[in-house]
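Engineer: So here's upload_3.txt (compact mmCIF, C-alpha atoms and all ligand atoms).
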```
# COMPACT_ATOMS: atom_id res chain seq x y z
CA MET A 23 -68.72 99.49 -5.24
CA SER A 24 -71.17 101.03 -2.80
CA LYS A 25 -74.58 100.97 -4.33
CA LYS A 26 -77.41 103.29 -3.41
CA ILE A 27 -80.81 101.67 -3.44
CA LEU A 28 -83.24 103.71 -5.55
CA TYR A 29 -86.38 101.63 -5.33
CA GLU A 30 -87.61 98.54 -3.53
CA GLY A 31 -90.53 96.67 -5.02
CA LYS A 32 -92.18 93.43 -3.97
CA ALA A 33 -89.87 91.15 -5.94
CA LYS A 34 -87.03 93.42 -7.06
CA GLN A 35 -84.74 96.24 -6.03
CA LEU A 36 -83.11 98.90 -8.19
CA TYR A 37 -79.67 100.29 -7.45
CA GLU A 38 -77.76 103.22 -8.88
CA THR A 39 -74.47 102.69 -10.74
CA GLU A 40 -71.69 105.17 -11.51
CA LYS A 41 -73.48 105.89 -14.78
CA PRO A 42 -76.62 108.02 -14.41
CA SER A 43 -78.16 106.27 -17.42
CA GLU A 44 -77.76 102.74 -16.03
CA LEU A 45 -79.18 100.87 -13.03
CA ILE A 46 -78.83 97.45 -11.47
CA GLN A 47 -81.99 95.38 -11.17
CA PHE A 48 -81.77 92.84 -8.32
CA PHE A 49 -84.17 89.88 -8.20
CA LYS A 50 -85.32 88.91 -4.69
CA ASP A 51 -86.77 85.57 -3.59
CA ASP A 52 -89.96 87.21 -2.28
CA ALA A 53 -93.20 85.87 -3.70
CA THR A 54 -96.29 87.98 -3.10
CA ALA A 55 -99.86 87.78 -4.26
CA PHE A 56 -103.09 89.67 -3.77
CA ASN A 57 -101.17 92.87 -3.13
CA LYS A 58 -98.87 91.36 -0.53
CA LYS A 59 -101.65 89.79 1.55
CA LYS A 60 -99.83 86.54 0.80
CA HIS A 61 -96.05 86.64 1.13
CA GLU A 62 -93.32 84.00 1.25
CA ILE A 63 -89.63 83.72 0.54
CA ILE A 64 -89.03 81.00 -2.04
CA ASP A 65 -85.38 80.06 -2.23
CA SER A 66 -83.81 80.66 -5.68
CA LYS A 67 -86.91 82.17 -7.33
CA GLY A 68 -84.96 85.41 -7.89
CA VAL A 69 -82.12 83.57 -9.62
CA LEU A 70 -84.51 81.73 -11.95
CA ASN A 71 -86.46 84.89 -12.81
CA ASN A 72 -83.22 86.76 -13.54
CA LEU A 73 -82.17 84.03 -16.00
CA ILE A 74 -85.59 83.61 -17.62
CA SER A 75 -86.16 87.36 -17.94
CA GLU A 76 -82.67 87.78 -19.44
CA TYR A 77 -83.41 85.08 -22.01
CA ILE A 78 -86.73 86.65 -22.97
CA PHE A 79 -85.42 90.23 -23.18
CA ILE A 80 -82.51 89.13 -25.41
CA TYR A 81 -84.95 87.21 -27.62
CA LEU A 82 -87.24 90.26 -27.87
CA ASP A 83 -84.31 92.57 -28.62
CA LYS A 84 -83.27 90.26 -31.48
CA ASN A 85 -86.81 90.66 -32.76
CA ASN A 86 -86.68 94.47 -32.69
CA ILE A 87 -88.45 95.07 -29.38
CA SER A 88 -86.39 97.80 -27.68
CA ASN A 89 -85.96 97.07 -23.99
CA HIS A 90 -84.00 98.07 -20.92
CA PHE A 91 -81.80 94.94 -20.61
CA ILE A 92 -78.04 95.48 -21.05
CA LYS A 93 -76.38 92.41 -19.49
CA ARG A 94 -76.52 90.01 -16.57
CA LEU A 95 -74.02 90.84 -13.83
CA SER A 96 -74.52 88.05 -11.31
CA PRO A 97 -77.03 85.33 -10.43
CA ARG A 98 -79.47 87.91 -9.12
CA GLU A 99 -78.43 91.12 -10.86
CA GLN A 100 -78.74 92.60 -14.30
CA LEU A 101 -77.57 95.92 -15.70
CA ILE A 102 -80.43 97.87 -17.24
CA LYS A 103 -81.06 101.24 -18.88
CA ARG A 104 -82.55 103.74 -16.48
CA VAL A 105 -86.07 104.65 -17.53
CA GLU A 106 -88.92 106.65 -16.12
CA ILE A 107 -91.50 103.92 -15.56
CA ILE A 108 -94.97 104.60 -16.96
CA PRO A 109 -97.17 103.75 -13.93
CA ILE A 110 -99.32 101.29 -15.90
CA GLU A 111 -99.32 97.50 -15.93
CA VAL A 112 -100.17 96.38 -19.46
CA VAL A 113 -101.90 92.98 -19.31
CA VAL A 114 -102.29 90.92 -22.48
CA ARG A 115 -104.77 88.03 -22.43
CA ASN A 116 -105.19 85.21 -24.95
CA ILE A 117 -107.20 82.89 -22.73
CA ALA A 118 -109.55 83.70 -19.84
CA ALA A 119 -107.95 83.28 -16.40
CA GLY A 120 -107.39 84.99 -13.07
CA THR A 121 -109.07 88.31 -12.37
CA PHE A 122 -110.53 88.39 -15.90
CA SER A 123 -112.46 85.15 -15.29
CA GLN A 124 -113.62 86.43 -11.90
CA ARG A 125 -114.70 89.80 -13.26
CA PHE A 126 -116.77 88.45 -16.15
CA GLY A 127 -117.73 85.00 -14.83
CA ILE A 128 -115.99 83.35 -17.78
CA ASP A 129 -114.46 79.93 -17.16
CA GLU A 130 -110.69 79.74 -16.99
CA GLY A 131 -109.27 78.21 -20.15
CA LYS A 132 -111.79 79.72 -22.56
CA HIS A 133 -109.99 81.15 -25.59
CA LEU A 134 -110.85 84.82 -26.15
CA PRO A 135 -112.21 85.67 -29.61
CA LYS A 136 -109.39 88.21 -29.97
CA THR A 137 -106.32 89.07 -27.90
CA LEU A 138 -107.30 91.53 -25.20
CA ILE A 139 -105.18 94.31 -23.73
CA GLU A 140 -106.04 95.70 -20.29
CA PHE A 141 -104.41 98.41 -18.21
CA ASN A 142 -103.98 98.53 -14.45
CA LEU A 143 -102.68 101.55 -12.58
CA LYS A 144 -99.60 100.73 -10.51
CA ASP A 145 -101.09 101.74 -7.18
CA ASP A 146 -100.76 99.19 -4.38
CA GLU A 147 -102.84 101.25 -1.94
CA ASN A 148 -105.82 100.90 -4.25
CA ASP A 149 -105.06 97.32 -5.39
CA ASP A 150 -103.84 98.31 -8.88
CA PRO A 151 -107.25 99.32 -10.26
CA LEU A 152 -108.25 98.54 -13.85
CA VAL A 153 -108.15 101.76 -15.89
CA SER A 154 -109.21 102.82 -19.38
CA GLU A 155 -107.28 104.74 -22.03
CA GLU A 156 -109.36 107.79 -21.08
CA HIS A 157 -108.25 107.52 -17.44
CA MET A 158 -104.61 107.36 -18.54
CA LYS A 159 -104.97 110.45 -20.72
CA VAL A 160 -107.12 112.50 -18.33
CA PHE A 161 -104.90 111.80 -15.31
CA GLY A 162 -101.73 112.17 -17.39
CA TRP A 163 -100.33 108.70 -16.63
CA ALA A 164 -99.63 108.17 -20.33
CA LYS A 165 -100.18 110.24 -23.47
CA SER A 166 -102.14 109.08 -26.52
CA ASP A 167 -99.04 108.37 -28.59
CA GLU A 168 -97.44 106.49 -25.68
CA ILE A 169 -100.58 104.36 -25.28
CA GLU A 170 -100.49 103.51 -28.99
CA ILE A 171 -96.82 102.49 -28.74
CA MET A 172 -97.51 100.33 -25.67
CA LYS A 173 -100.45 98.61 -27.38
CA LYS A 174 -98.54 97.96 -30.60
CA ASN A 175 -95.55 96.60 -28.69
CA ALA A 176 -97.76 94.51 -26.40
CA LEU A 177 -99.35 92.74 -29.39
CA GLN A 178 -95.98 92.16 -31.04
CA ILE A 179 -94.51 90.83 -27.81
CA ASN A 180 -97.54 88.55 -27.49
CA MET A 181 -96.94 87.10 -30.95
CA LEU A 182 -93.23 86.61 -30.32
CA LEU A 183 -93.68 85.06 -26.88
CA SER A 184 -96.64 82.88 -27.90
CA ASP A 185 -94.41 81.54 -30.66
CA LEU A 186 -91.42 81.03 -28.37
CA PHE A 187 -93.46 79.15 -25.77
CA LYS A 188 -95.39 77.12 -28.34
CA LYS A 189 -92.08 75.68 -29.53
CA ILE A 190 -91.50 74.31 -26.02
CA ASN A 191 -95.03 72.96 -25.63
CA ILE A 192 -96.27 75.82 -23.42
CA THR A 193 -99.38 77.96 -23.92
CA LEU A 194 -98.99 81.66 -23.14
CA VAL A 195 -102.32 82.35 -21.42
CA ASP A 196 -101.67 85.95 -20.35
CA PHE A 197 -98.88 88.22 -19.14
CA LYS A 198 -98.12 91.62 -17.67
CA ILE A 199 -95.52 94.04 -18.97
CA GLU A 200 -94.34 97.51 -18.09
CA PHE A 201 -92.85 100.25 -20.21
CA GLY A 202 -90.59 103.19 -19.45
CA ARG A 203 -89.51 106.45 -21.03
CA PHE A 204 -85.84 106.24 -21.90
CA HIS A 205 -84.36 109.72 -22.18
CA SER A 206 -81.10 110.10 -24.07
CA LYS A 207 -79.74 113.38 -25.42
CA ASN A 208 -82.77 115.08 -26.97
CA VAL A 209 -84.81 112.00 -27.68
CA SER A 210 -87.22 110.12 -25.50
CA GLU A 211 -88.21 106.60 -26.46
CA ILE A 212 -90.76 104.20 -24.96
CA ILE A 213 -89.07 100.88 -24.22
CA LEU A 214 -90.03 97.63 -22.52
CA ALA A 215 -88.80 97.53 -18.90
CA ASP A 216 -89.27 95.56 -15.63
CA GLU A 217 -89.21 91.76 -16.14
CA ILE A 218 -90.93 88.96 -18.03
CA SER A 219 -90.84 85.73 -16.06
CA PRO A 220 -93.20 83.06 -14.72
CA ASP A 221 -94.04 85.62 -12.00
CA SER A 222 -95.64 87.86 -14.60
CA CYS A 223 -97.02 85.34 -17.12
CA ARG A 224 -99.50 82.47 -17.03
CA LEU A 225 -97.84 79.51 -18.69
CA TRP A 226 -99.68 76.20 -19.11
CA ASP A 227 -98.13 72.97 -20.33
CA MET A 228 -99.84 72.27 -23.67
CA SER A 229 -100.28 68.55 -23.08
CA SER A 230 -101.41 68.47 -19.45
CA ASN A 231 -102.52 72.11 -18.82
CA GLU A 232 -100.28 71.99 -15.75
CA LYS A 233 -99.51 75.48 -14.45
CA LEU A 234 -95.86 76.49 -14.82
CA ASP A 235 -96.15 79.95 -13.26
CA LYS A 236 -96.86 81.95 -10.10
CA ASP A 237 -100.40 80.61 -9.84
CA ARG A 238 -98.69 77.64 -8.12
CA PHE A 239 -97.97 80.06 -5.27
CA ARG A 240 -101.15 82.17 -5.51
CA ARG A 241 -103.31 79.02 -5.35
CA ASN A 242 -101.18 77.01 -2.92
CA ILE A 243 -100.47 74.28 -5.46
CA GLY A 244 -96.78 74.03 -4.47
CA GLY A 245 -93.84 73.09 -6.66
CA LEU A 246 -93.13 76.62 -7.85
CA ILE A 247 -89.38 76.22 -8.17
CA GLU A 248 -89.74 72.92 -10.03
CA ALA A 249 -92.16 74.61 -12.46
CA TYR A 250 -89.87 77.63 -13.05
CA LYS A 251 -86.93 75.23 -13.56
CA GLU A 252 -89.02 73.29 -16.08
CA VAL A 253 -89.66 76.49 -18.08
CA ALA A 254 -85.95 77.41 -17.94
CA THR A 255 -84.87 73.90 -18.95
CA ARG A 256 -87.24 73.84 -21.92
CA LEU A 257 -85.76 77.20 -22.99
CA GLU A 258 -82.33 75.49 -22.74
CA ILE A 259 -81.14 77.95 -20.08
CA ASP A 260 -78.06 76.70 -18.24
CA LEU A 261 -79.10 75.91 -14.64
CA SER A 262 -75.87 74.23 -13.61
CA ASN A 263 -75.17 76.88 -10.94
CA ILE A 264 -78.54 76.64 -9.23
P1 LIG B 301 -104.61 88.71 -13.23
O1 LIG B 301 -105.49 87.70 -13.91
O2 LIG B 301 -104.33 88.40 -11.79
O3 LIG B 301 -105.12 90.11 -13.42
O4 LIG B 301 -103.19 88.64 -13.93
C1 LIG B 301 -103.00 88.78 -15.31
C2 LIG B 301 -101.55 88.53 -15.66
O5 LIG B 301 -100.72 89.56 -15.16
C3 LIG B 301 -100.97 87.24 -15.06
O6 LIG B 301 -100.11 86.65 -16.02
C4 LIG B 301 -100.18 87.68 -13.87
C5 LIG B 301 -99.75 89.06 -14.23
N1 LIG B 301 -99.73 89.97 -13.08
C6 LIG B 301 -98.53 90.48 -12.64
O7 LIG B 301 -97.48 90.17 -13.19
N2 LIG B 301 -98.54 91.34 -11.58
C7 LIG B 301 -99.67 91.71 -10.95
O8 LIG B 301 -99.62 92.50 -10.02
C8 LIG B 301 -100.91 91.16 -11.41
C9 LIG B 301 -102.20 91.51 -10.74
C10 LIG B 301 -100.88 90.30 -12.47
N1 LIG B 302 -99.19 92.31 -7.44
C1 LIG B 302 -99.40 91.03 -6.81
C2 LIG B 302 -98.85 91.12 -5.40
O1 LIG B 302 -97.73 91.22 -5.16
C3 LIG B 302 -98.66 89.95 -7.49
C4 LIG B 302 -99.46 89.04 -8.36
O2 LIG B 302 -100.55 88.54 -8.03
O3 LIG B 302 -98.87 88.71 -9.36
O4 LIG B 302 -99.57 91.08 -4.45
```
Once more with this new file: its structure as structure tokens, please.
Ligand code: TMP
Ligand code: ASP
Structural biologist:
Amino acid sequence: MSKKILYEGKAKQLYETEKPSELIQFFKDDATAFNKKKHEIIDSKGVLNNLISEYIFIYLDKNNISNHFIKRLSPREQLIKRVEIIPIEVVVRNIAAGTFSQRFGIDEGKHLPKTLIEFNLKDDENDDPLVSEEHMKVFGWAKSDEIEIMKKNALQINMLLSDLFKKINITLVDFKIEFGRFHSKNVSEIILADEISPDSCRLWDMSSNEKLDKDRFRRNIGGLIEAYKEVATRLEIDLSNI
């Protein structure tokens, strides 16, 4: 099967399939941070993210969160529904960390009074700027009803994932998700797309507060693969082939 590459991102590639409505999502080993200013290849990260993201998308689907995942094809590939990606990163925060802490001078680890949703425009050239709902509407990146669907889904996903991770002694600090417009016949539906993995979440061990996510790379802590394997093992994902 000769596959035509459609899109190459920092950590993933998308390929066409024979079916116009389906794509292959390939997970690379590239780790980047600060808009690619920091870049490394970390052996088997792509395989772990493929497995963890598969597990989470199946779990969300079982809990009525429509998403693009169809099935895993290989250690690094999954078959997904083709969507038109809404160019917005939806960030959900339960606890202050990362750019939020920097922006407001609030210590990392402080619980927010209420779950916060933020939006960043997917625009590497301008370092994914923070945008408001007004920006999204005025510039046409997302319509009002689409924004409402993304917010409602983001909060539901937060509850489901917080619950899932709590059961394995992990605190879900924050995460980033992306949505797409899935067009079929005459209907268009907003569904969850991209990936959910320790690359796109902050996950802290509940007992020790140890970081089990990409901050180990961003902050030069080391041990990224061990941390991702720990998350996968606690989720009871089979790692016998890694
Ligand atoms: P931040 O504190 O760096 O803004 O990140 C918030 C959350 O979003 C964190 O879990 C990491 C995730 N994230 C991504 O997945 N991709 C990105 O490009 C950024 C900036 C954050
Ligand atoms: N968007 C960031 C980058 O690749 C990744 C991150 O910090 O999560 O530079």
Engineer: Determine the nearest neighbour of ligand LIG 302 (chain B) from the options A:Ile64, A:Leu134, A:Ile199, A:Ala53, counting all atoms listed in the file.
Structural biologist: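 Counting all atoms listed in the file, the residue closest to ligand LIG 302 (chain B) is A:Ala53.
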Engineer: List the spatial neighbours of Lys233 of chain A as a CSV table (one decimal) with C-alpha atoms, in the coordinates of the input - criterion: any atom at most 10 Å away, only C-alpha atoms, same-chain residues fewer than 2 positions off excluded.
Structural biologist:
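Full text of selection_10.csv as output:
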```csv
chain,number,residue,atom,x,y,z
A,192,ILE,CA,-96.3,75.8,-23.4
A,193,THR,CA,-99.4,78.0,-23.9
A,220,PRO,CA,-93.2,83.1,-14.7
A,224,ARG,CA,-99.5,82.5,-17.0
A,225,LEU,CA,-97.8,79.5,-18.7
A,226,TRP,CA,-99.7,76.2,-19.1
A,227,ASP,CA,-98.1,73.0,-20.3
A,228,MET,CA,-99.8,72.3,-23.7
A,230,SER,CA,-101.4,68.5,-19.4
A,231,ASN,CA,-102.5,72.1,-18.8
A,235,ASP,CA,-96.2,80.0,-13.3
A,236,LYS,CA,-96.9,82.0,-10.1
A,237,ASP,CA,-100.4,80.6,-9.8
A,238,ARG,CA,-98.7,77.6,-8.1
A,243,ILE,CA,-100.5,74.3,-5.5
A,245,GLY,CA,-93.8,73.1,-6.7
A,246,LEU,CA,-93.1,76.6,-7.8
A,249,ALA,CA,-92.2,74.6,-12.5
A,250,TYR,CA,-89.9,77.6,-13.0
```
Engineer: Pick the closest to ligand LIG 301 (chain B) from A:Asp65, A:Glu211, A:Glu155, A:Asp196: which is it, counting all atoms listed in the file?
Structural biologist: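 Under the stated criterion, the closest residue is A:Asp196.
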Engineer: With all atoms listed in the file as the atoms that count, which of A:Ser222, A:Ser96, A:Thr137, A:Asn208 lies nearest to ligand LIG 302 (chain B)?
Structural biologist: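 With all atoms listed in the file as the atom set, the closest residue is A:Ser222.
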Engineer: Could you please extract the residues within 12 Å of ligand LIG 302 (chain B), counting only C-alpha atoms and all ligand atoms, and hand them back as JSON, numbers by chain?
Structural biologist: {"A": [31, 32, 33, 34, 52, 53, 54, 55, 56, 57, 58, 59, 60, 61, 62, 111, 113, 120, 121, 142, 143, 144, 145, 146, 147, 148, 149, 150, 151, 196, 197, 198, 199, 218, 219, 220, 221, 222, 223, 224, 235, 236, 237, 238, 239, 240, 241]}
Engineer: From the list A:Asp83, A:Asp260, A:Glu44, A:Glu232, which residue is nearest His205 of chain A when using all atoms listed in the file?
Structural biologist: A:Glu44
Engineer: So how many Å separate atom CA of Leu177 of chain A and atom CA of Glu258 of chain A, to one decimal?
Structural biologist: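 Interatomic distance, atom CA of Leu177 of chain A to atom CA of Glu258 of chain A: 25.1 Å.
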Engineer: Neighbours of segment 104-106 of chain A within 8 Å (all atoms listed in the file; same-chain residues fewer than 5 positions away dropped), as a ChimeraX atom specification?
Structural biologist: /A:42-45,90,202-205,215
Engineer: Go ahead and fit an axis-aligned box to every listed atom of segment 148-165 of chain A plus 8 Å each side, and pass me the centre and edge lengths in Å, one decimal, as AutoDock Vina command-line options.
Structural biologist:
```
--center_x -104.5 --center_y 104.9 --center_z -13.9 --size_x 25.7 --size_y 31.2 --size_z 35.2
```
Engineer: Between A:Gln100, A:Ser123, A:Asn89, A:Ser75, which is the closest to ligand LIG 301 (chain B) once you count all atoms listed in the file?
Structural biologist: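 For ligand LIG 301 (chain B), the nearest of the candidates is A:Ser123.
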Engineer: Between A:Asn72, A:Asn191, A:Asn116, A:Asn242, which is the closest to ligand LIG 301 (chain B) once you count all atoms listed in the file?
Structural biologist: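 Under the stated criterion, the closest residue is A:Asn116.
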Engineer: Just the residues within 12 Å of Leu186 of chain A, please, counting all atoms listed in the file, with nothing from its chain fewer than 2 positions along; format it as a list of chain:residue names.
Structural biologist: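 The filter keeps A:Tyr77, A:Ile78, A:Tyr81, A:Leu82, A:Asn85, A:Ile179, A:Asn180, A:Met181, A:Leu182, A:Leu183, A:Ser184, A:Lys188, A:Lys189, A:Ile190, A:Asn191, A:Ile192, A:Thr193, A:Leu194, A:Leu225, A:Val253, A:Arg256, A:Leu257.
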Engineer: What is the distance between atom CA of Ile92 of chain A and atom CA of Gln178 of chain A, in Å to one decimal?
Structural biologist: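 One can read the atom CA of Ile92 of chain A to atom CA of Gln178 of chain A distance as 20.8 Å.
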Engineer: Could you check how far atom CA of Pro97 of chain A sits from atom CA of Val69 of chain A, in Å to one decimal?
Structural biologist: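 Result for atom CA of Pro97 of chain A versus atom CA of Val69 of chain A: 5.4 Å, one decimal.
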Engineer: Mind checking which residues fall within 10 Å of Trp163 of chain A, counting all atoms listed in the file, ignoring those fewer than 4 positions away in the same chain, and posting them as a list in words?
Structural biologist: Ile108, Pro109, Ile110, Leu143, Glu155, His157, Met158, Lys159, Glu168 and Ile169 of chain A
Engineer: Please produce a file of those selected residues containing C-alpha atoms, as a PDB file, keeping the file's coordinate frame.
Structural biologist:
```pdb
ATOM      1  CA  ILE A 108     -94.970 104.600 -16.960  1.00  0.00           C
ATOM      2  CA  PRO A 109     -97.170 103.750 -13.930  1.00  0.00           C
ATOM      3  CA  ILE A 110     -99.320 101.290 -15.900  1.00  0.00           C
ATOM      4  CA  LEU A 143    -102.680 101.550 -12.580  1.00  0.00           C
ATOM      5  CA  GLU A 155    -107.280 104.740 -22.030  1.00  0.00           C
ATOM      6  CA  HIS A 157    -108.250 107.520 -17.440  1.00  0.00           C
ATOM      7  CA  MET A 158    -104.610 107.360 -18.540  1.00  0.00           C
ATOM      8  CA  LYS A 159    -104.970 110.450 -20.720  1.00  0.00           C
ATOM      9  CA  GLU A 168     -97.440 106.490 -25.680  1.00  0.00           C
ATOM     10  CA  ILE A 169    -100.580 104.360 -25.280  1.00  0.00           C
TER      11      ILE A 169
END
```
Engineer: Taking 4 positions as the minimum chain separation for residues in the same chain, which residues sit within 9 Å of Ile139 of chain A when counting only C-alpha atoms? Answer as a list in words.
Structural biologist: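 Within the cut-off, the hits are Val112, Val113, Val114, Arg115, Lys173, Ala176 and Leu177 of chain A.
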